[in-house]
$ cat target_36.cif   # mmCIF, C-alpha atoms and all ligand atoms
data_run
#
loop_
_atom_site.label_atom_id
_atom_site.label_comp_id
_atom_site.auth_asym_id
_atom_site.auth_seq_id
_atom_site.Cartn_x
_atom_site.Cartn_y
_atom_site.Cartn_z
CA MET X 1399 -5.18 -44.62 -26.74
CA ASP X 1400 -2.37 -44.49 -24.21
CA SER X 1401 0.81 -43.20 -25.82
CA LEU X 1402 2.69 -42.12 -22.71
CA THR X 1403 5.12 -43.89 -20.40
CA CYS X 1404 4.64 -43.52 -16.64
CA ASP X 1405 7.81 -41.38 -16.46
CA THR X 1406 6.41 -38.93 -18.97
CA ALA X 1407 3.02 -38.91 -17.27
CA ARG X 1408 4.64 -38.04 -13.91
CA ARG X 1409 6.45 -35.13 -15.52
CA LEU X 1410 3.13 -33.89 -16.88
CA LEU X 1411 1.38 -34.29 -13.55
CA ASP X 1412 2.07 -30.80 -12.18
CA PRO X 1413 1.46 -28.81 -15.35
CA SER X 1414 -1.69 -30.84 -15.86
CA LEU X 1415 -3.04 -29.94 -12.41
CA ASP X 1416 -1.99 -26.32 -12.97
CA GLY X 1417 -3.88 -26.12 -16.25
CA GLU X 1418 -0.67 -25.51 -18.16
CA LEU X 1419 -0.83 -28.33 -20.73
CA GLU X 1420 -1.75 -27.97 -24.38
CA ALA X 1421 -5.08 -29.60 -25.13
CA THR X 1422 -3.58 -32.49 -27.07
CA THR X 1423 -1.03 -33.21 -24.34
CA GLN X 1424 -3.72 -33.05 -21.70
CA LEU X 1425 -5.76 -35.60 -23.69
CA ALA X 1426 -2.78 -37.95 -23.89
CA PHE X 1427 -2.22 -37.52 -20.17
CA ASP X 1428 -5.89 -38.27 -19.42
CA ALA X 1429 -5.71 -41.35 -21.62
CA HIS X 1430 -2.70 -42.61 -19.67
CA LEU X 1431 -4.46 -42.04 -16.36
CA ALA X 1432 -7.48 -43.98 -17.54
CA ALA X 1433 -5.22 -46.95 -18.14
CA CYS X 1434 -2.79 -46.60 -15.21
CA ALA X 1435 -3.87 -46.98 -11.57
CA ALA X 1436 -0.42 -46.00 -10.21
CA CYS X 1437 -0.46 -42.65 -12.00
CA ARG X 1438 -4.08 -42.07 -10.94
CA GLU X 1439 -3.02 -42.55 -7.35
CA ALA X 1440 -0.06 -40.21 -7.80
CA ARG X 1441 -2.39 -37.61 -9.23
CA ALA X 1442 -4.83 -37.93 -6.31
CA GLY X 1443 -1.99 -37.49 -3.81
CA ARG X 1444 -0.67 -34.46 -5.63
CA LEU X 1445 -4.10 -32.88 -5.87
CA ALA X 1446 -4.65 -33.34 -2.13
CA LEU X 1447 -1.31 -31.70 -1.42
CA ILE X 1448 -2.02 -28.72 -3.66
CA GLU X 1449 -5.44 -28.22 -2.17
CA GLY X 1450 -4.03 -28.54 1.33
CA VAL X 1451 -1.39 -25.92 0.62
CA LYS X 1452 -3.89 -23.57 -0.97
CA SER X 1453 -6.41 -23.85 1.82
CA GLN X 1454 -4.10 -24.03 4.85
CA THR X 1455 -1.10 -21.92 4.04
CA ARG X 1456 -1.10 -18.44 5.40
CA ARG X 1457 -1.48 -15.61 2.94
CA HIS X 1458 0.08 -12.66 4.72
CA THR X 1459 -1.76 -9.38 4.44
CA ALA X 1460 -0.15 -5.97 4.64
CA PRO X 1461 -0.38 -4.74 8.25
CA ASP X 1462 -1.92 -1.36 9.02
CA GLY X 1463 1.41 -0.17 10.37
CA LEU X 1464 2.95 -0.77 6.95
CA ARG X 1465 0.20 1.14 5.19
CA GLN X 1466 0.76 3.98 7.60
CA ARG X 1467 4.53 4.07 7.23
CA LEU X 1468 4.14 3.80 3.47
CA ALA X 1469 1.80 6.78 3.45
CA LEU X 1470 4.17 8.86 5.54
CA GLN X 1471 7.21 7.85 3.55
CA LEU X 1472 5.50 8.62 0.27
CA ALA X 1473 4.20 11.92 1.55
CA ALA X 1474 7.68 12.84 2.70
CA ALA X 1475 9.11 11.88 -0.68
CA ALA X 1476 6.69 14.16 -2.49
CA PRO X 1477 8.30 17.52 -3.06
CA PRO X 1478 5.98 20.24 -1.79
CA PRO X 1479 4.73 22.81 -4.27
CA PRO X 1480 7.49 25.30 -5.06
CA SER X 1481 7.28 28.28 -2.75
CA THR X 1482 8.26 30.63 -5.54
CA ALA X 1483 5.15 29.79 -7.55
CA LEU X 1484 3.04 32.82 -8.20
CA PRO X 1485 -0.29 32.07 -6.57
CA SER X 1486 -2.17 33.39 -9.59
CA ARG X 1487 -0.57 30.80 -11.81
CA ARG X 1488 -2.64 27.80 -10.95
CA ARG X 1489 -0.61 25.45 -13.13
CA ALA X 1490 2.36 26.09 -10.90
CA TRP X 1491 0.93 23.57 -8.52
CA LEU X 1492 1.43 20.90 -11.12
CA THR X 1493 5.12 21.50 -11.60
CA GLY X 1494 5.95 18.81 -9.10
CA GLY X 1495 5.16 16.52 -12.01
CA ALA X 1496 3.78 13.03 -12.17
CA TRP X 1497 6.03 11.74 -9.43
CA ALA X 1498 4.83 14.26 -6.87
CA SER X 1499 1.28 13.80 -8.04
CA SER X 1500 1.47 10.04 -7.70
CA VAL X 1501 3.07 9.97 -4.30
CA ALA X 1502 0.74 12.56 -2.89
CA ALA X 1503 -2.28 10.75 -4.27
CA LEU X 1504 -0.98 7.42 -3.09
CA ALA X 1505 -0.20 8.78 0.33
CA ALA X 1506 -3.65 10.29 0.54
CA SER X 1507 -5.35 7.10 -0.56
CA LEU X 1508 -3.38 5.05 1.92
CA MET X 1509 -4.34 7.46 4.64
CA LEU X 1510 -7.97 7.20 3.66
CA PHE X 1511 -7.62 3.46 3.67
CA LEU X 1512 -6.20 3.60 7.16
CA ALA X 1513 -9.27 5.25 8.52
CA THR X 1514 -10.92 2.69 10.71
CA PRO X 1515 -13.64 3.77 13.11
CA GLY X 1516 -12.69 4.05 16.73
CA GLN X 1517 -8.96 4.08 16.18
CA GLN X 1518 -8.73 7.80 16.56
CA ASP X 1519 -11.00 10.66 16.99
CA SER X 1520 -13.12 10.80 13.87
CA LEU X 1521 -12.94 14.56 13.48
CA ASP X 1522 -9.15 14.47 13.62
CA ARG X 1523 -9.25 11.78 11.00
CA ASP X 1524 -11.57 13.77 8.76
CA LEU X 1525 -9.42 16.85 9.12
CA LEU X 1526 -6.22 15.00 8.33
CA ASN X 1527 -7.76 13.23 5.36
CA ALA X 1528 -9.11 16.52 4.03
CA HIS X 1529 -5.66 18.07 4.42
CA LEU X 1530 -3.98 15.16 2.62
CA ARG X 1531 -6.56 15.20 -0.17
CA SER X 1532 -5.86 18.88 -0.68
CA LEU X 1533 -2.16 18.17 -1.23
CA VAL X 1534 -2.90 16.15 -4.33
CA PRO X 1535 -1.94 18.56 -7.10
CA ASP X 1536 -4.88 20.51 -8.44
CA HIS X 1537 -6.97 19.76 -5.39
CA LEU X 1538 -5.65 22.48 -3.14
CA THR X 1539 -7.97 25.29 -4.06
CA ASP X 1540 -11.27 25.88 -5.81
CA VAL X 1541 -10.61 29.57 -5.88
CA GLN X 1542 -7.01 30.62 -6.08
CA SER X 1543 -6.21 34.14 -5.12
CA THR X 1544 -4.06 36.09 -2.71
CA ASP X 1545 -6.85 38.62 -2.56
CA GLN X 1546 -9.08 38.13 0.45
CA HIS X 1547 -11.78 40.15 -1.29
CA THR X 1548 -11.89 37.53 -4.02
CA VAL X 1549 -11.74 34.51 -1.74
CA LYS X 1550 -14.28 35.63 0.83
CA PRO X 1551 -17.24 36.26 -1.52
CA TRP X 1552 -16.54 33.01 -3.33
CA PHE X 1553 -17.99 31.14 -0.35
CA ASN X 1554 -21.25 33.06 -0.60
CA GLY X 1555 -23.94 30.75 -1.84
CA ARG X 1556 -21.70 27.73 -1.42
CA LEU X 1557 -21.72 27.63 2.36
CA PRO X 1558 -24.06 28.69 5.13
CA LEU X 1559 -21.31 30.89 6.49
CA SER X 1560 -18.98 33.55 5.36
CA PRO X 1561 -15.64 33.02 7.08
CA PRO X 1562 -13.24 35.87 7.72
CA VAL X 1563 -10.39 35.70 5.25
CA PRO X 1564 -7.49 37.72 6.53
CA ASN X 1565 -4.41 37.84 4.35
CA LEU X 1566 -1.35 37.29 6.51
CA ALA X 1567 1.24 37.76 3.77
CA GLY X 1568 2.92 40.50 5.76
CA ASP X 1569 3.44 38.01 8.58
CA GLY X 1570 4.86 35.28 6.38
CA PHE X 1571 1.61 33.40 5.79
CA PRO X 1572 0.36 34.43 2.35
CA LEU X 1573 -3.16 33.44 1.40
CA VAL X 1574 -3.23 30.89 -1.41
CA GLY X 1575 -6.96 30.49 -1.92
CA GLY X 1576 -10.09 28.78 -0.69
CA ARG X 1577 -11.87 25.51 -1.17
CA LEU X 1578 -15.16 23.92 -0.34
CA ASP X 1579 -14.51 20.76 1.67
CA TYR X 1580 -16.44 18.25 3.69
CA LEU X 1581 -15.98 17.15 7.29
CA ASP X 1582 -18.22 14.37 8.48
CA GLN X 1583 -20.26 14.91 5.31
CA ARG X 1584 -20.99 18.52 6.22
CA PRO X 1585 -19.61 21.36 4.13
CA ALA X 1586 -16.79 23.40 5.55
CA ALA X 1587 -14.75 26.31 4.29
CA ALA X 1588 -11.10 25.51 3.78
CA LEU X 1589 -8.78 28.51 3.66
CA VAL X 1590 -5.35 27.72 2.31
CA TYR X 1591 -2.27 29.51 3.53
CA ARG X 1592 1.36 28.93 2.83
CA HIS X 1593 4.41 29.34 5.05
CA ALA X 1594 7.69 28.76 3.23
CA ARG X 1595 7.22 25.29 1.76
CA HIS X 1596 4.43 24.28 4.10
CA ILE X 1597 0.73 24.30 3.33
CA ILE X 1598 -1.78 25.16 6.03
CA ASN X 1599 -5.43 24.26 5.66
CA LEU X 1600 -7.67 26.27 7.95
CA PHE X 1601 -11.10 24.67 8.16
CA VAL X 1602 -14.08 26.69 9.33
CA TRP X 1603 -17.55 25.28 9.91
CA PRO X 1604 -20.64 26.18 11.92
CA ALA X 1605 -20.84 24.69 15.41
CA ALA X 1606 -23.89 26.33 16.88
CA GLY X 1607 -24.37 25.82 20.61
CA THR X 1608 -20.76 24.85 21.16
CA ALA X 1609 -19.00 26.58 23.99
CA ALA X 1610 -15.93 28.58 23.10
CA GLN X 1611 -12.80 26.44 23.32
CA PRO X 1612 -9.22 27.66 23.47
CA PRO X 1613 -6.81 26.20 20.88
CA HIS X 1614 -6.01 22.55 21.45
CA LEU X 1615 -3.18 20.78 19.64
CA ASP X 1616 -3.19 17.18 18.41
CA SER X 1617 -0.51 15.40 16.43
CA ARG X 1618 -1.51 12.73 13.94
CA ASN X 1619 0.90 10.89 11.68
CA GLY X 1620 3.39 13.71 11.68
CA TYR X 1621 0.84 16.46 11.11
CA ASN X 1622 -0.28 19.02 13.66
CA LEU X 1623 -3.96 19.81 14.17
CA LEU X 1624 -4.88 22.91 16.10
CA GLN X 1625 -8.57 23.19 16.91
CA TRP X 1626 -10.63 25.85 18.63
CA SER X 1627 -14.12 27.24 18.61
CA LYS X 1628 -15.64 30.63 19.17
CA ASP X 1629 -18.91 32.45 18.54
CA GLY X 1630 -20.71 29.37 17.22
CA MET X 1631 -17.97 28.51 14.75
CA ALA X 1632 -15.40 25.72 14.85
CA TYR X 1633 -11.88 26.15 13.48
CA ALA X 1634 -9.09 23.72 12.75
CA ALA X 1635 -5.66 24.47 11.32
CA VAL X 1636 -3.88 21.43 9.85
CA SER X 1637 -0.32 21.41 8.60
CA ASP X 1638 3.06 19.76 8.76
CA LEU X 1639 4.31 23.00 10.28
CA ASN X 1640 5.88 22.49 13.68
CA ARG X 1641 3.88 23.31 16.77
CA PRO X 1642 5.23 26.79 17.65
CA GLU X 1643 4.82 27.98 14.06
CA LEU X 1644 1.30 26.63 13.78
CA GLU X 1645 0.37 28.20 17.11
CA GLY X 1646 1.89 31.44 15.90
CA PHE X 1647 -0.21 31.24 12.77
CA GLN X 1648 -3.32 30.62 14.85
CA ARG X 1649 -2.72 33.69 17.03
CA LEU X 1650 -2.08 35.89 14.00
CA TRP X 1651 -5.14 34.58 12.21
CA GLU X 1652 -7.42 35.09 15.22
CA LYS X 1653 -6.20 38.60 15.77
CA SER X 1654 -6.57 39.55 12.10
CA ALA X 1655 -9.95 37.84 11.82
CA VAL X 1656 -11.28 39.89 14.71
CA ASP X 1657 -9.90 43.05 13.10
CA ASN X 1658 -11.33 41.93 9.77
CA ASP X 1659 -14.83 40.81 10.60
CA ALA X 1660 -16.59 38.12 12.55
CA PRO X 1661 -17.92 35.07 10.72
CA ALA X 1662 -21.62 35.64 10.37
CA PRO X 1663 -23.93 32.66 9.98
CA ARG X 1664 -26.20 33.41 7.08
CA MET Z 25 -11.28 32.71 -9.70
CA HIS Z 26 -12.45 29.54 -11.31
CA GLU Z 27 -13.87 26.10 -10.58
CA ARG Z 28 -11.82 22.92 -10.50
CA THR Z 29 -10.34 22.07 -13.84
CA PRO Z 30 -10.82 18.61 -15.38
CA ALA Z 31 -8.42 15.89 -14.30
CA SER Z 32 -4.89 16.51 -15.52
CA PRO Z 33 -2.77 13.71 -17.01
CA GLN Z 34 -0.96 13.57 -13.67
CA ASP Z 35 -4.24 13.02 -11.88
CA ASP Z 36 -5.08 10.29 -14.36
CA LYS Z 37 -1.73 8.69 -13.77
CA SER Z 38 -1.94 8.75 -10.00
CA ARG Z 39 -5.51 7.51 -10.07
CA TRP Z 40 -4.40 4.79 -12.43
CA PHE Z 41 -1.59 3.81 -10.07
CA GLN Z 42 -4.06 3.60 -7.22
CA GLN Z 43 -6.50 1.54 -9.22
CA ILE Z 44 -4.08 -0.79 -11.00
CA VAL Z 45 -1.05 -1.22 -8.74
CA LEU Z 46 -2.18 -0.49 -5.21
CA PRO Z 47 -4.77 -3.32 -5.09
CA HIS Z 48 -1.81 -5.71 -5.21
CA LEU Z 49 -0.33 -4.41 -1.95
CA ASP Z 50 -1.37 -7.55 -0.06
CA ALA Z 51 0.13 -9.77 -2.75
CA ALA Z 52 3.32 -7.73 -2.54
CA TYR Z 53 3.45 -8.12 1.21
CA ASN Z 54 2.65 -11.82 1.06
CA LEU Z 55 5.51 -12.49 -1.34
CA ALA Z 56 7.88 -10.32 0.69
CA ALA Z 57 6.89 -12.10 3.90
CA TRP Z 58 7.47 -15.52 2.38
CA LEU Z 59 10.78 -14.55 0.82
CA THR Z 60 12.27 -12.79 3.85
CA ARG Z 61 10.41 -14.80 6.53
CA GLN Z 62 10.68 -11.78 8.81
CA PRO Z 63 7.76 -9.34 9.16
CA ALA Z 64 10.03 -6.33 9.69
CA ASP Z 65 12.09 -7.17 6.60
CA ALA Z 66 8.93 -7.78 4.59
CA GLU Z 67 7.63 -4.32 5.46
CA ASP Z 68 10.91 -2.69 4.45
CA VAL Z 69 10.93 -4.63 1.19
CA VAL Z 70 7.38 -3.59 0.33
CA GLN Z 71 8.05 0.05 1.18
CA GLU Z 72 11.08 0.10 -1.09
CA ALA Z 73 9.28 -1.83 -3.82
CA MET Z 74 6.30 0.52 -3.81
CA LEU Z 75 8.54 3.54 -4.21
CA ARG Z 76 10.33 1.86 -7.10
CA ALA Z 77 7.00 0.85 -8.62
CA LEU Z 78 5.80 4.42 -8.44
CA ARG Z 79 8.95 5.68 -10.10
CA PHE Z 80 8.74 3.18 -12.92
CA ALA Z 81 4.97 3.02 -13.24
CA ASP Z 82 5.25 3.82 -16.95
CA GLY Z 83 6.54 0.29 -17.52
CA CYS Z 84 3.42 -1.26 -16.06
CA ARG Z 85 0.47 -2.58 -18.09
CA GLU Z 86 -2.87 -3.22 -16.51
CA ALA Z 87 -3.07 -6.87 -17.57
CA THR Z 88 0.33 -7.67 -16.06
CA ALA Z 89 0.34 -5.25 -13.13
CA LYS Z 90 0.43 -7.96 -10.50
CA SER Z 91 3.42 -9.86 -11.85
CA TRP Z 92 5.12 -6.55 -12.68
CA LEU Z 93 4.82 -5.41 -9.06
CA LEU Z 94 5.79 -8.82 -7.67
CA ARG Z 95 8.91 -8.83 -9.81
CA ILE Z 96 9.95 -5.55 -8.22
CA VAL Z 97 9.21 -6.96 -4.75
CA ARG Z 98 11.22 -10.04 -5.58
CA ASN Z 99 14.20 -8.02 -6.80
CA VAL Z 100 14.18 -5.83 -3.70
CA ALA Z 101 13.92 -8.88 -1.45
CA TYR Z 102 16.80 -10.61 -3.23
CA ASP Z 103 18.97 -7.49 -2.98
CA ARG Z 104 18.28 -7.40 0.71
CA LEU Z 105 18.84 -11.11 1.29
CA THR Z 106 22.07 -11.00 -0.70
CA ALA Z 107 23.32 -8.05 1.34
CA SER Z 108 22.50 -9.82 4.60
CA GLY Z 109 23.99 -13.13 3.47
CA GLY Z 110 20.63 -14.81 3.85
CA LEU Z 111 20.46 -16.04 0.30
CA ALA Z 112 20.82 -19.79 -0.16
CA LEU Z 113 20.17 -19.79 -3.88
CA PHE Z 114 21.61 -23.18 -4.65
CA ALA Z 115 20.74 -25.01 -1.50
CA ASP Z 116 19.87 -28.61 -2.10
CA LEU Z 117 16.43 -29.95 -1.41
CA ASN Z 118 17.39 -32.36 1.32
CA PRO Z 119 14.56 -33.02 3.76
CA ASP Z 120 17.02 -33.32 6.64
CA ASP Z 121 18.75 -30.05 5.87
CA PRO Z 122 16.60 -28.18 3.41
CA ASP Z 123 17.86 -24.72 4.02
CA GLY Z 124 21.07 -23.35 5.47
CA SER Z 125 20.13 -19.69 5.52
CA GLY Z 126 19.92 -19.07 9.25
CA PHE Z 127 16.17 -19.25 9.31
CA THR Z 128 14.25 -18.47 12.46
CA THR Z 129 10.53 -18.95 12.79
CA ASP Z 130 9.81 -15.42 13.97
CA ALA Z 131 7.56 -14.80 11.02
CA PHE Z 132 5.51 -17.83 11.81
CA GLY Z 133 4.73 -17.77 15.48
CA GLY Z 134 7.24 -15.59 17.24
CA THR Z 135 9.52 -18.35 18.42
CA THR Z 136 13.22 -18.80 18.00
CA GLU Z 137 12.87 -22.42 18.94
CA ASP Z 138 14.47 -24.87 16.55
CA PRO Z 139 11.96 -25.21 13.71
CA GLU Z 140 12.52 -28.95 13.38
CA SER Z 141 11.79 -29.74 17.02
CA ARG Z 142 8.85 -27.40 16.96
CA LEU Z 143 7.50 -29.15 13.89
CA LEU Z 144 7.49 -32.46 15.69
CA LYS Z 145 5.33 -31.03 18.45
CA ASP Z 146 3.13 -28.92 16.32
CA GLN Z 147 0.10 -30.56 14.86
CA ASP Z 148 -1.82 -27.40 14.14
CA ARG Z 149 -2.70 -25.99 10.79
CA ARG Z 150 0.47 -23.92 10.75
CA GLN Z 151 2.51 -27.01 10.09
CA LEU Z 152 2.37 -26.50 6.35
CA ASP Z 153 3.49 -22.89 6.81
CA ARG Z 154 6.58 -24.07 8.62
CA LEU Z 155 7.38 -26.71 6.05
CA ILE Z 156 7.09 -24.21 3.21
CA ALA Z 157 9.24 -21.75 5.14
CA LEU Z 158 11.97 -24.40 5.21
CA LEU Z 159 12.11 -24.64 1.43
CA PRO Z 160 15.14 -22.99 -0.18
CA LEU Z 161 14.29 -19.64 -1.66
CA PRO Z 162 14.12 -20.62 -5.38
CA TYR Z 163 11.63 -23.37 -4.58
CA ARG Z 164 9.72 -21.37 -2.01
CA GLU Z 165 9.13 -18.47 -4.35
CA VAL Z 166 7.68 -20.52 -7.20
CA LEU Z 167 5.47 -22.42 -4.77
CA VAL Z 168 4.14 -19.25 -3.12
CA LEU Z 169 3.60 -17.53 -6.46
CA ARG Z 170 1.71 -20.54 -7.75
CA GLU Z 171 -0.35 -21.73 -4.77
CA LEU Z 172 -0.99 -18.46 -2.96
CA GLU Z 173 -0.85 -15.85 -5.70
CA GLU Z 174 -2.16 -18.23 -8.39
CA LEU Z 175 0.15 -16.94 -11.09
CA SER Z 176 0.56 -18.89 -14.32
CA TYR Z 177 3.91 -20.50 -15.15
CA LYS Z 178 4.53 -17.71 -17.61
CA GLU Z 179 3.88 -15.06 -14.98
CA ILE Z 180 6.06 -16.86 -12.44
CA ALA Z 181 8.82 -17.03 -15.06
CA GLU Z 182 8.57 -13.25 -15.45
CA VAL Z 183 8.59 -12.57 -11.72
CA ALA Z 184 11.50 -14.88 -10.96
CA ALA Z 185 13.37 -14.19 -14.22
CA ILE Z 186 13.76 -17.87 -15.06
CA PRO Z 187 12.63 -20.02 -18.03
CA ILE Z 188 9.19 -21.63 -17.89
CA GLY Z 189 10.83 -25.07 -17.87
CA THR Z 190 12.66 -24.10 -14.69
CA VAL Z 191 9.41 -22.91 -13.13
CA MET Z 192 7.91 -26.32 -13.89
CA SER Z 193 10.79 -28.34 -12.51
CA ARG Z 194 11.20 -26.24 -9.37
CA LEU Z 195 7.50 -26.37 -8.65
CA ALA Z 196 7.49 -30.13 -9.07
CA ARG Z 197 10.49 -30.56 -6.78
CA ALA Z 198 9.03 -28.24 -4.18
CA ARG Z 199 5.81 -30.23 -4.17
CA ASP Z 200 7.69 -33.54 -4.09
CA TRP Z 201 9.63 -32.42 -1.06
CA LEU Z 202 6.57 -30.99 0.69
CA HIS Z 203 4.65 -34.17 0.06
CA LYS Z 204 7.44 -36.28 1.47
CA ALA Z 205 7.99 -34.05 4.49
CA TRP Z 206 4.28 -33.86 5.16
CA SER Z 207 3.86 -37.64 4.92
CA GLU Z 208 6.81 -38.27 7.23
CA ARG Z 209 5.42 -35.93 9.86
CA ASN Z 210 1.90 -37.21 9.61
CA GLY Z 211 2.49 -40.82 8.71
ZN ZN J 1701 1.45 -44.58 -15.28
#
$ encode --input "target_36.cif" --output "structure tokens"
Amino acid sequence: MDSLTCDTARRLLDPSLDGELEATTQLAFDAHLAACAACREARAGRLALIEGVKSQTRRHTAPDGLRQRLALQLAAAAPPPPSTALPSRRRAWLTGGAWASSVAALAASLMLFLATPGQQDSLDRDLLNAHLRSLVPDHLTDVQSTDQHTVKPWFNGRLPLSPPVPNLAGDGFPLVGGRLDYLDQRPAAALVYRHARHIINLFVWPAAGTAAQPPHLDSRNGYNLLQWSKDGMAYAAVSDLNRPELEGFQRLWEKSAVDNDAPAPR
Amino acid sequence: MHERTPASPQDDKSRWFQQIVLPHLDAAYNLAAWLTRQPADAEDVVQEAMLRALRFADGCREATAKSWLLRIVRNVAYDRLTASGGLALFADLNPDDPDGSGFTTDAFGGTTEDPESRLLKDQDRRQLDRLIALLPLPYREVLVLRELEELSYKEIAEVAAIPIGTVMSRLARARDWLHKAWSERNG
């Protein structure tokens, strides 16, 4: 039975099409439509409009540039781990709190999301992603120690190589620890050093048959990547350190590594 | 030396933010783009909104994460539009002069040509985009939230901070105007 006037039915038209009417009101509306050709026509016109808008209107999607700037901005907003933290106190890395944790994780996930094949060299991308992942609190190290004699043997049995692990604390680059990481799905040793408030990840992985390469610097999204290879091993230092400091670190590390021992494939 | 410890509460929280809030990044950008009508402004709005969202993530519930984030986006966009004088909150819905906010069509085709004259020439599928872009902000936002983001009236009311009855009447008026403008241009 039709209990509605046309005026009322027109007011119910939109909420009806949007599924916002109570069941009893919807029934009354349907009853009016069944009896009223003018309101049926109004409903058909409205439905066509709504469907046209839904199917033809542009739904903007976040551009890659925005994701990138967001990642950088969030990474910049994340306070780095306090430089005064005693390396042996692992929990110190969490003192940045939830805010730092969230921004670092968000920045890292946005960076990972950014990774589209062919846009940049895939190794650079892997290295940068691995570096960003490591900055998420509690992901920096698997073994945390300033003692190279603790860090070095930790890799035994976990990797087909035993990287040199010089401690450069006397030169302003204290060892923080080590981590097993993956580059292009192959395991790599990640040695973690600190310089003031900056974290340096030094990745080492086997590269048999590769000619020795002098250090080569790339910059990606505000991070510096310094890569070289020698004696069948590939190396990459990744950090937000500026170029001269990162190159200085590389020279120190090379020199100390040679003094220390050569990485022996096992 | 020890292995990785189990996830800390902070890890849980950041993972939760990534899983619950971050998937709505496109929705956030879409709303920002439709409110500001300028891609560069939309990006700034989303950046600011995401930082605010991160800071106040404790106030977010999974079931309402989308409207929670969109409300932040909306507030940031309004702050920005108010500051730039681009806010025509109480503009009348007159088809001949729907919006006096200094609109250019940069966001919708990279032209600074008069939108009205362009509309007359343009028969492509972007015509509806341009009509919607001409709607005054209060009408545009409820229409976009409903048709593109498919929010309920209740959710739209939360995002726009208006009563549900106002959502209903604004949506109806926006559709009335669109229907009329569309018919005139295609009749
Ligand atoms: Zn009727």
$ closest_residue --input "target_36.cif" --among "X:Arg1467, X:Lys1452, X:Arg1595, X:Lys1628" --to "Gln1611 (chain X)" --atoms "only C-alpha atoms"
X:Lys1628
$ atom_distance --input "target_36.cif" --atom1 "CA of Leu46 (chain Z)" --atom2 "CA of Val97 (chain Z)"
13.1 Å
$ residues_near_ligand --input "target_36.cif" --ligand "ligand ZN 1701 (chain J)" --cutoff "9 Å" --atoms "only C-alpha atoms and all ligand atoms" --output "MDAnalysis selection string"
chainID X and resid 1402:1408 1430:1431 1433:1438 1440
$ atom_distance --input "target_36.cif" --atom1 "CA of Leu1589 (chain X)" --atom2 "CA of Gln1648 (chain X)"
12.6 Å
$ residues_near_point --input "target_36.cif" --point "(-0.4, -8.3, -0.3)" --cutoff "10 Å" --atoms "only C-alpha atoms" --output "NGL selection string"
(:X and (1457-1461)) or (:Z and (46-57 or 70 or 94 or 173))
$ write_last_selection --input "target_36.cif" --atoms "C-alpha atoms" --output "PDB file, in the coordinates of the input"
ATOM      1  CA  ARG X1457      -1.480 -15.610   2.940  1.00  0.00           C
ATOM      2  CA  HIS X1458       0.080 -12.660   4.720  1.00  0.00           C
ATOM      3  CA  THR X1459      -1.760  -9.380   4.440  1.00  0.00           C
ATOM      4  CA  ALA X1460      -0.150  -5.970   4.640  1.00  0.00           C
ATOM      5  CA  PRO X1461      -0.380  -4.740   8.250  1.00  0.00           C
TER       6      PRO X1461
ATOM      7  CA  LEU Z  46      -2.180  -0.490  -5.210  1.00  0.00           C
ATOM      8  CA  PRO Z  47      -4.770  -3.320  -5.090  1.00  0.00           C
ATOM      9  CA  HIS Z  48      -1.810  -5.710  -5.210  1.00  0.00           C
ATOM     10  CA  LEU Z  49      -0.330  -4.410  -1.950  1.00  0.00           C
ATOM     11  CA  ASP Z  50      -1.370  -7.550  -0.060  1.00  0.00           C
ATOM     12  CA  ALA Z  51       0.130  -9.770  -2.750  1.00  0.00           C
ATOM     13  CA  ALA Z  52       3.320  -7.730  -2.540  1.00  0.00           C
ATOM     14  CA  TYR Z  53       3.450  -8.120   1.210  1.00  0.00           C
ATOM     15  CA  ASN Z  54       2.650 -11.820   1.060  1.00  0.00           C
ATOM     16  CA  LEU Z  55       5.510 -12.490  -1.340  1.00  0.00           C
ATOM     17  CA  ALA Z  56       7.880 -10.320   0.690  1.00  0.00           C
ATOM     18  CA  ALA Z  57       6.890 -12.100   3.900  1.00  0.00           C
ATOM     19  CA  VAL Z  70       7.380  -3.590   0.330  1.00  0.00           C
ATOM     20  CA  LEU Z  94       5.790  -8.820  -7.670  1.00  0.00           C
ATOM     21  CA  GLU Z 173      -0.850 -15.850  -5.700  1.00  0.00           C
TER      22      GLU Z 173
END
$ atom_distance --input "target_36.cif" --atom1 "CA of Leu1445 (chain X)" --atom2 "CA of Ser207 (chain Z)"
14.2 Å
$ residues_around --input "target_36.cif" --residues "Leu155 (chain Z)" --least-positions-apart "2" --cutoff "9 Å" --atoms "all atoms listed in the file" --output "PyMOL selection string"
chain Z and resi 143+150-153+157-159+202+205-206
